[in-house]
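*Asks:* This is the structure I want to talk about, given as structure tokens.
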Amino acid sequence: MSVNTLSIDGKMVTGTTGETVFDVAWNNGVRIPRLCHVGGVSDVGACRLCLVEVEGQSRLVASCRTAVQEGMVVRTDTPRLQAHRRLIVELLFAERNHVCAVCVQNGNCELQDLAASLGVDHVRLRYRYPKLPVDTSHERFGIDHNRCVLCTRCIRVCDEVEGAHTWDLRGRGTHALLIADFGDPWGQSESCTSCGKCVQVCPTGALFTKGKSVAEMQKDRRFLKYIVTAREKHEWIR
Amino acid sequence: MTLEELQERQAQELARRAQLANRIYCCSAAGCISCGSDALRQEIAAQIEAAGRGGEIEVCGTGCLGLCSRGPLVRTAADGALYADLAPEDAAALVAGDPAPIAAKRLDPGAPFFAMQERVVLANSGSVDPERLADYVAAGGYQALGRALADMSPPEVIEQVKRSGLRGRGGAGYPTGLKWELVARQPAGTKYVVCNADEGDPGAFMDRSILEGDPHRVLEGMAIAGYAVGAQQGYIYVRGEYGLAIQRLQTAIKQAEREHLLGSRILDTSFQFRVDLRIGAGAFVCGEETALIASIEGKRGQPRQRPPYPPEAGLWGKPTLINNVETFANVAPIVTRGGDWFASIGTERSKGTKVFALAGKIVNTGLIEVPMGTALRTILFDIGGGIPGGGRFKAAQTGGPSGGCIPEAYLDTPVDYESLARIGSIMGSGGLIVMDEASDMVDVARFFMEFSMDESCGKCIPCRAGTVQMNDILSRLVAGEGSADDIAMLEELCVLLKETSLCGLGQSAPNPVLTTLRYFRDEYEAKVRTEDAG
């Protein structure tokens, strides 16, 4: 494995071939914002928050889907990128019904954290207030589509780590909706193993454990690290 | 069938036709069918029967004759005349070869609409029945494939395509020869050739007409591409709305396979190439190549980040060549007549011809083909006949929801990839919508934004949520409820979508807004609520 030296925000760092700019940046303390990325499952480059500038390239690139290269000069926090990220977060807040005051995830929410860290203290766009369903048919968990940001983390963790592929999307554009199996109520899903991985990777309060009240929901993502490390190091016992 | 046998077939069919007193070509493209060309054709057949001239006069279908607004159109081989606005009552005169009763319906071939066109892609429209292989063979069909297989090595074929300067006709204009070379250079193994027939721009029907009018031409182009890049399997991804094109393609594939012009042992060589159809289910975004690939693979039609580009990792991860219908339709003439001939048409960087679909406020609605570099004014006013009813031209929209609105001041712009990009629009696939002074440009921008919003797949946030907000703002402006801040936010969103969207749909969705803001800003400002103005 060869080592590449590159510059991220003026800091010289190294990354092995195949590593992404995003991972190398985080390993070196440069916290590029992200929403659809979650360590341990594949990246889709959909949230566009991790876009960075690479010298010599006219287009912005998604750092989670860009491999490091020798001599690369990356900038992760320019005014242009900051402006784009703020507007993307504003778009998310206006798209569905993100009301922190009544949310189980209040205080532990990645969308909330993003808004705070990017300085989004108000939204200049008109809220759309769509009427979206809440599905609490599952014995232990619930899904509130009003809080879903369509990051598809749940879909990927269910498919790639649990191997059930219970979740997927139906519809397109802003009408895309997370569905269990073929659009069945979650509680009637035949493929769901009730493992709860989707709940734990959800960045917002869209997927939650039943019985939690406002601000009580905290997500625990440590299981992903165990499973992924075990898989990579072939630690499974047969 | 060998190449010699193919040439023999051609001679036979031409000899057979020489015996006929007349062959009546009835336009059988979707446009003319919708204004009754089927009934006309049946009546012509009945009249031939009634006159007892079944052996000497033939009636058949043919591809788009161009002047769609005046269909159904008919071309008669005996005198080469073209008739428009026909009704079944005119069948008798056509069969009798008596032009007097239908003289008023006869079109002048010297009129600018015909005289100023140059037909390469549409060369067979008007002389080939798309449902008869013999007709395509009579026009020299499959001989380019035969020559490529017999006399040329794959690199030689690619060399001709490179020399031709042909660029992708889907809109982006990537050099076709380079793309072929990229795929050919990948290690030998499974490779695919894909024809993108998911034409979806509002008002565009170029690919549809090519597939309906000359399906074998596209198949031949794909087979030549397969030979050049080392692929044995091709797919045509055609949108489900194009029922007639699908049906004609299915017929054409069957005919070609039966004669070993596709499938195995093509033209008695070891080359094999199968073509299968994949029918789209109505998503505009599936015209984007990575979404198209996902759709063929049976997945949700969503784009993915490039690189890797399809020539490296495309369909099922294999090297894949994706070209548009019109691009493939240009291949056979390039192989037959040479890349240099093709390169002699057009401008320095945009070679060959381009098919445009004229729609909107224009006299001659229909399909035209002109050399690259023809001025927009020539296309719209000489060939297109200008604005009906003496109206005043306001703007022309090229490139559909990804393109821009071009105002009168730029009417002398030559139509080529670079010139159109310079004025904020794109070549696009060839849709050309003309608007007169009655058009509200903000509403035009809103129409295209609504289209992009409905067609956004929802994967990336800027496109999914951004198009919704832009559509909201534009709707507010149209309703007279917008503010000056709305225009500022609209501009901010334009930049966001352009710079951060995942695929071309989102990246180009702001173009209609950006160009109308650039050329018709006063119309936006006039719509701002009066208390907010100033």
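Each chain of the structure tokens is named A, B, ... in the order shown, its residues numbered from 1; ligands are numbered from 1 in display order.
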Do a neighbour search on Gly183 in chain A at 12 Å with only C-alpha atoms, toss out local chain neighbours closer than 3 positions, and write the hits as a short mmCIF file (atom, residue, chain, number, x, y, z; two decimals) with N, CA, C and O atoms, in the first residue's frame.
*Replies:*
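Result file selection-v8.cif:
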data_model
loop_
_atom_site.label_atom_id
_atom_site.label_comp_id
_atom_site.auth_asym_id
_atom_site.auth_seq_id
_atom_site.Cartn_x
_atom_site.Cartn_y
_atom_site.Cartn_z
N ASP A 135 -45.14 6.29 11.51
CA ASP A 135 -45.46 4.87 11.58
C ASP A 135 -44.94 4.30 12.90
O ASP A 135 -43.73 4.21 13.12
N THR A 166 -34.52 -4.28 4.55
CA THR A 166 -35.93 -3.97 4.84
C THR A 166 -36.30 -2.62 4.26
O THR A 166 -37.37 -2.45 3.68
N TRP A 167 -35.40 -1.67 4.40
CA TRP A 167 -35.70 -0.29 3.99
C TRP A 167 -35.36 -0.02 2.54
O TRP A 167 -34.38 -0.57 2.02
N ASP A 168 -36.15 0.82 1.93
CA ASP A 168 -35.80 1.38 0.63
C ASP A 168 -36.64 2.64 0.42
O ASP A 168 -37.38 3.01 1.31
N LEU A 169 -36.48 3.25 -0.74
CA LEU A 169 -37.23 4.46 -1.02
C LEU A 169 -38.32 4.19 -2.03
O LEU A 169 -38.17 3.36 -2.92
N ARG A 170 -39.42 4.91 -1.91
CA ARG A 170 -40.39 4.94 -3.00
C ARG A 170 -40.59 6.40 -3.38
O ARG A 170 -40.30 7.30 -2.60
N GLY A 171 -41.11 6.61 -4.57
CA GLY A 171 -41.33 7.98 -5.03
C GLY A 171 -40.02 8.65 -5.37
O GLY A 171 -38.95 8.08 -5.18
N LEU A 177 -39.98 8.69 -0.15
CA LEU A 177 -40.38 8.30 1.20
C LEU A 177 -39.73 6.97 1.54
O LEU A 177 -39.70 6.06 0.71
N LEU A 178 -39.25 6.90 2.76
CA LEU A 178 -38.64 5.66 3.22
C LEU A 178 -39.75 4.62 3.41
O LEU A 178 -40.77 4.91 4.02
N ILE A 179 -39.55 3.42 2.87
CA ILE A 179 -40.55 2.38 3.06
C ILE A 179 -39.91 1.10 3.57
O ILE A 179 -38.76 0.79 3.27
N ALA A 180 -40.67 0.35 4.36
CA ALA A 180 -40.25 -0.98 4.79
C ALA A 180 -40.86 -1.98 3.81
O ALA A 180 -42.03 -1.87 3.47
N TRP A 186 -44.24 -0.80 9.18
CA TRP A 186 -42.97 -1.38 9.66
C TRP A 186 -43.23 -2.64 10.51
O TRP A 186 -42.54 -3.66 10.38
N GLY A 187 -44.23 -2.54 11.36
CA GLY A 187 -44.52 -3.66 12.26
C GLY A 187 -44.90 -4.94 11.53
O GLY A 187 -44.78 -6.04 12.08
N GLN A 188 -45.36 -4.81 10.28
CA GLN A 188 -45.75 -6.01 9.52
C GLN A 188 -44.65 -6.48 8.58
O GLN A 188 -44.85 -7.44 7.83
N SER A 189 -43.49 -5.81 8.63
CA SER A 189 -42.43 -6.19 7.71
C SER A 189 -41.94 -7.60 8.00
O SER A 189 -41.67 -7.96 9.14
N GLU A 190 -41.84 -8.40 6.93
CA GLU A 190 -41.38 -9.77 7.13
C GLU A 190 -39.87 -9.88 7.11
O GLU A 190 -39.30 -10.85 7.60
#
*Asks:* Pull out every residue of chain A sitting within 8 Å of chain B, counting only C-alpha atoms, and send them as a list of chain:residue names.
*Replies:*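 Per the criterion, chain A yields A:Val44, A:Gly45, A:Ala46, A:Cys47, A:Arg48, A:Leu51, A:Arg59, A:Leu60, A:Arg65, A:His84, A:Leu87, A:Ile88, A:Leu91, A:Leu92, A:Glu95, A:Leu125, A:Arg126, A:Leu150, A:Arg172, A:Gly173, A:Thr174, A:His175, A:Ala176.
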*Asks:* Neighbouring residues of range 230-232 of chain A were defined as those with any atom within 12 Å, considering only C-alpha atoms; residues of the same chain fewer than 4 positions away were excluded. Please report them as JSON, numbers by chain.
*Replies:* {"A": [40, 41, 160, 161, 223, 224, 225, 226, 236, 237]}
*Asks:* What's the 7 Å shell around Ile293 in chain B, counting only C-alpha atoms, without same-chain residues fewer than 3 positions away, as a PyMOL selection string?
*Replies:* chain B and resi 289-290+296-297+314-315
*Asks:* Please provide the set of residues having any atom within 6 Å of range 285-287 of chain B, restricted to only C-alpha atoms, with same-chain residues fewer than 4 positions apart removed, written as a short mmCIF file (atom, residue, chain, number, x, y, z; two decimals) with N, CA, C and O atoms, in the first residue's frame.
*Replies:*
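Okay, this is what ended up in part21.cif:
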data_model
loop_
_atom_site.label_atom_id
_atom_site.label_comp_id
_atom_site.auth_asym_id
_atom_site.auth_seq_id
_atom_site.Cartn_x
_atom_site.Cartn_y
_atom_site.Cartn_z
N ASP B 198 -33.58 7.58 -24.18
CA ASP B 198 -34.50 8.05 -23.14
C ASP B 198 -34.77 9.53 -23.31
O ASP B 198 -34.80 10.29 -22.36
N ALA B 291 -27.54 6.90 -14.03
CA ALA B 291 -28.89 6.50 -13.63
C ALA B 291 -29.44 5.49 -14.63
O ALA B 291 -30.13 4.53 -14.26
N LEU B 292 -29.12 5.70 -15.90
CA LEU B 292 -29.54 4.77 -16.95
C LEU B 292 -28.97 3.38 -16.69
O LEU B 292 -29.66 2.36 -16.80
N GLY B 301 -33.59 4.11 -10.40
CA GLY B 301 -32.91 4.96 -11.39
C GLY B 301 -32.35 6.22 -10.78
O GLY B 301 -32.92 7.29 -10.89
#
